[in-house]
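Participant: Below is the file final_30.txt, with compact mmCIF, C-alpha atoms.
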# COMPACT_ATOMS: atom_id res chain seq x y z
CA MET A 1 100.31 102.18 111.49
CA ASP A 2 103.75 102.74 109.98
CA ASN A 3 102.96 106.12 108.45
CA LEU A 4 99.69 105.25 106.74
CA PRO A 5 98.03 106.41 104.65
CA ILE A 6 100.61 106.88 101.92
CA PHE A 7 100.25 110.12 99.99
CA THR A 8 101.69 110.68 96.54
CA GLN A 9 101.30 113.77 94.39
CA ARG A 10 97.87 112.60 93.16
CA LEU A 11 96.94 109.54 95.22
CA ILE A 12 96.13 108.20 98.66
CA LEU A 13 96.93 104.57 99.47
CA ARG A 14 95.12 103.53 102.64
CA PRO A 15 93.69 100.58 104.52
CA TRP A 16 90.38 99.26 103.19
CA GLU A 17 87.13 100.53 104.66
CA ASP A 18 83.61 99.17 104.35
CA ARG A 19 82.72 102.19 102.17
CA ASP A 20 85.05 100.77 99.46
CA ARG A 21 82.97 97.63 98.91
CA ASP A 22 80.56 98.98 96.30
CA ALA A 23 83.30 100.68 94.28
CA ALA A 24 85.48 97.54 94.37
CA TRP A 25 82.51 95.46 93.26
CA ALA A 26 81.78 97.90 90.42
CA MET A 27 85.42 97.64 89.31
CA ALA A 28 85.16 93.83 89.37
CA GLN A 29 82.17 94.06 87.00
CA ASP A 30 84.21 95.69 84.24
CA PRO A 31 85.24 92.94 81.80
CA GLN A 32 88.29 94.97 80.69
CA VAL A 33 89.55 95.36 84.28
CA MET A 34 89.02 91.64 84.90
CA ARG A 35 90.37 90.51 81.52
CA TYR A 36 93.44 88.87 83.09
CA LEU A 37 91.86 87.94 86.43
CA PRO A 38 89.43 85.24 87.49
CA PRO A 39 85.83 86.50 87.69
CA LEU A 40 84.48 87.61 91.06
CA THR A 41 81.01 87.34 92.53
CA ARG A 42 79.84 90.02 94.95
CA GLU A 43 80.56 87.57 97.77
CA GLY A 44 84.03 86.98 96.34
CA SER A 45 84.69 90.71 96.08
CA ASP A 46 83.63 91.25 99.69
CA ALA A 47 85.71 88.25 100.81
CA MET A 48 88.75 89.74 99.04
CA ILE A 49 88.28 93.00 100.96
CA ASN A 50 87.88 91.03 104.19
CA ARG A 51 91.20 89.28 103.45
CA MET A 52 92.85 92.65 102.75
CA MET A 53 91.53 94.05 106.06
CA ALA A 54 92.76 90.96 107.94
CA MET A 55 96.18 91.14 106.25
CA GLN A 56 96.46 94.83 107.19
CA ALA A 57 95.60 94.01 110.81
CA GLN A 58 98.07 91.12 110.97
CA HIS A 59 101.00 92.47 108.93
CA GLY A 60 100.54 96.24 108.77
CA HIS A 61 100.27 96.22 104.98
CA THR A 62 98.15 94.76 102.20
CA PHE A 63 97.03 95.61 98.68
CA TRP A 64 95.72 98.99 99.88
CA ALA A 65 92.69 100.86 98.60
CA MET A 66 93.70 103.63 96.19
CA ALA A 67 91.89 106.96 95.92
CA ARG A 68 92.55 110.21 94.12
CA ARG A 69 93.70 112.99 96.45
CA ASP A 70 91.66 115.71 94.74
CA ASP A 71 88.24 114.12 95.21
CA GLY A 72 88.78 110.98 97.32
CA ARG A 73 87.30 108.76 94.61
CA PHE A 74 88.24 105.07 94.85
CA ILE A 75 90.13 104.07 91.70
CA GLY A 76 91.66 100.72 92.59
CA MET A 77 94.25 99.06 94.78
CA CYS A 78 98.00 98.83 95.06
CA GLY A 79 100.21 97.40 97.76
CA PHE A 80 102.13 94.34 98.77
CA CYS A 81 101.50 91.16 100.71
CA PRO A 82 103.60 88.59 102.54
CA PRO A 83 104.76 85.46 100.76
CA ARG A 84 101.97 83.00 99.94
CA PRO A 85 102.22 79.85 97.88
CA PRO A 86 103.51 79.42 95.31
CA LEU A 87 105.59 82.56 96.07
CA VAL A 88 108.32 82.70 98.70
CA GLU A 89 108.90 86.46 98.48
CA TYR A 90 106.75 89.50 99.20
CA GLU A 91 104.49 90.37 96.25
CA ILE A 92 103.55 93.82 94.95
CA GLY A 93 100.31 94.11 93.02
CA TRP A 94 97.72 96.53 91.65
CA ARG A 95 94.33 96.76 90.02
CA LEU A 96 92.89 99.99 88.63
CA ALA A 97 89.42 100.97 87.52
CA ARG A 98 89.31 101.57 83.77
CA GLU A 99 88.67 105.30 84.28
CA ALA A 100 92.12 105.47 85.91
CA TRP A 101 94.02 103.77 83.07
CA GLY A 102 96.61 105.61 81.01
CA GLN A 103 97.18 108.41 83.55
CA GLY A 104 100.26 107.07 85.32
CA TYR A 105 98.41 106.12 88.52
CA GLY A 106 99.67 102.53 88.42
CA THR A 107 103.30 103.59 88.16
CA GLU A 108 102.89 106.37 90.75
CA SER A 109 101.25 104.06 93.27
CA ALA A 110 103.64 101.14 92.69
CA ARG A 111 106.69 103.36 93.18
CA ALA A 112 105.18 104.70 96.42
CA VAL A 113 104.50 101.15 97.61
CA LEU A 114 108.08 100.11 96.88
CA ASP A 115 109.42 103.14 98.73
CA TRP A 116 107.19 102.34 101.73
CA ALA A 117 108.15 98.65 101.68
CA TRP A 118 111.88 99.36 101.63
CA ALA A 119 111.51 101.93 104.44
CA HIS A 120 109.26 99.86 106.71
CA ARG A 121 109.98 96.19 106.05
CA ASP A 122 113.14 94.11 105.93
CA MET A 123 113.15 92.12 102.72
CA ALA A 124 115.79 91.74 100.06
CA THR A 125 113.44 91.51 97.07
CA ILE A 126 109.83 91.96 96.00
CA VAL A 127 108.17 90.08 93.15
CA ALA A 128 105.18 90.71 90.94
CA ILE A 129 103.22 88.17 88.96
CA THR A 130 100.64 88.27 86.21
CA THR A 131 99.30 86.05 83.50
CA ARG A 132 101.67 85.83 80.54
CA ALA A 133 99.40 87.81 78.18
CA ASN A 134 99.00 90.87 80.44
CA ALA A 135 101.31 93.23 78.56
CA LYS A 136 100.19 96.39 80.40
CA SER A 137 101.01 95.01 83.85
CA ARG A 138 104.29 93.64 82.56
CA ALA A 139 105.16 97.09 81.16
CA LEU A 140 104.35 98.68 84.53
CA MET A 141 106.63 96.14 86.23
CA GLU A 142 109.43 97.19 83.93
CA ARG A 143 108.73 100.93 84.44
CA ILE A 144 109.22 100.54 88.20
CA GLY A 145 112.53 98.73 87.68
CA MET A 146 111.46 95.10 87.92
CA ALA A 147 113.11 92.48 85.73
CA HIS A 148 111.48 89.39 84.27
CA ALA A 149 112.81 86.13 85.72
CA PRO A 150 111.76 83.77 82.90
CA ASP A 151 113.23 80.70 84.57
CA GLU A 152 110.74 81.28 87.42
CA ASP A 153 107.59 81.59 85.30
CA PHE A 154 104.98 79.10 86.47
CA ASP A 155 101.49 77.72 86.06
CA HIS A 156 99.36 79.24 88.84
CA PRO A 157 98.23 76.34 91.04
CA ALA A 158 94.94 78.05 91.98
CA LEU A 159 93.79 77.91 88.35
CA LEU A 160 92.65 74.89 86.36
CA GLU A 161 95.06 73.39 83.83
CA THR A 162 92.68 74.44 81.05
CA ASP A 163 92.39 78.05 82.26
CA ARG A 164 93.90 80.52 79.77
CA LEU A 165 95.10 82.62 82.74
CA ARG A 166 97.13 79.79 84.31
CA PRO A 167 100.54 80.54 82.69
CA HIS A 168 102.14 83.26 84.86
CA VAL A 169 105.29 85.34 84.62
CA LEU A 170 107.38 86.47 87.57
CA TYR A 171 109.22 89.80 87.84
CA ARG A 172 111.56 90.83 90.66
CA ILE A 173 113.21 93.92 92.08
CA ALA A 174 115.96 94.03 94.71
CA ARG A 175 116.18 96.42 97.61
CA PRO A 176 118.10 99.51 96.48
CA LYS A 177 121.67 99.71 97.73
CA SER A 178 122.12 102.44 100.33
In structure tokens, write the structure found in this file.
Facilitator:
Amino acid sequence: MDNLPIFTQRLILRPWEDRDRDAAWAMAQDPQVMRYLPPLTREGSDAMINRMMAMQAQHGHTFWAMARRDDGRFIGMCGFCPPRPPLVEYEIGWRLAREAWGQGYGTESARAVLDWAWAHRDMATIVAITTRANAKSRALMERIGMAHAPDEDFDHPALLETDRLRPHVLYRIARPKS
């Protein structure tokens, strides 16, 4: 499976397992975690995991489950997915449980995902998106070397015109030169 799981100093990024469902659902119940994301029902959370499992099976990568190495505790997700409308490039993304905030896990996992993507997939660039107001995700994008492409900001077509989350920003990083 292309050298999975991915191990960092403190984290394991791995394909989703059924045992992750309750922890992912608990994370989706935290209003601070979901502040910049559409709300999820339990069925929606399970469907998201099913999509991640299917993407892993089809493409060999997804937004992987993230666990701490020291105790194996699920603390979120980080990975990348193939282009899907409205995007035409591969997309990196993450979501962390609130208990994992402020400890550098987002940056550590995103850097590991970029390293894996460059080593195992042939793409020139990777993008990240978030709602305009999500300053913490935008700061993480900048910490991992992504640059805002303001002329490519967009209104997310999956969200209603009246949804406060609809305005999105796009950040991009190019494959490092060898």
Participant: Would you pick out the contacts of His156 of chain A at 10 Å or less, using all atoms listed in the file, so that residues sharing its chain but fewer than 5 positions from it are not included, and give the list as a list in words?
Facilitator: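 Residues meeting the cut-off are Pro85, Pro86, Ile129, Thr130, Thr131, Glu161, Asp163, Leu165, Arg166, Pro167, His168 and Val169 of chain A.
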Participant: Using all atoms listed in the file, can you tell me which of A:Pro15, A:Gly76, A:Pro82, A:Gly145 comes closest to Arg98 of chain A?
Facilitator: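 Smallest separation from Arg98 of chain A among the options: A:Gly76.
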Participant: Taking 6 positions as the minimum chain separation for residues in the same chain, which residues sit within 10 Å of Leu87 of chain A when counting only C-alpha atoms? Answer as a PyMOL selection string.
Facilitator: chain A and resi 127-129+170
Participant: Restricting the output to C-alpha atoms, write the selected residues as a CSV table (one decimal), in the coordinates of the input.
Facilitator:
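As a result, result26.csv now contains:
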chain,number,residue,atom,x,y,z
A,127,VAL,CA,108.2,90.1,93.2
A,128,ALA,CA,105.2,90.7,90.9
A,129,ILE,CA,103.2,88.2,89.0
A,170,LEU,CA,107.4,86.5,87.6
Participant: For atom CA of Gln9 of chain A and atom CA of Ala112 of chain A, determine how far apart the two atoms are, in Å to one decimal place.
Facilitator: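 So the answer is 10.1 Å.
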Participant: If you count all atoms listed in the file, which residues fall within 9 Å of Ile6 of chain A, apart from same-chain ones fewer than 5 positions away, as JSON, numbers by chain?
Facilitator: {"A": [11, 12, 13, 14, 112, 113, 116]}
Participant: Quick one: pull the distance between atom CA of Thr62 of chain A and atom CA of Gly79 of chain A, Å, one decimal.
Facilitator: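 Separation between atom CA of Thr62 of chain A and atom CA of Gly79 of chain A: 5.6 Å.
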Participant: What's the separation between atom CA of Ala135 of chain A and atom CA of Arg69 of chain A, in Å to one decimal place?
Facilitator: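 Here the two named atoms are 27.7 Å from each other.
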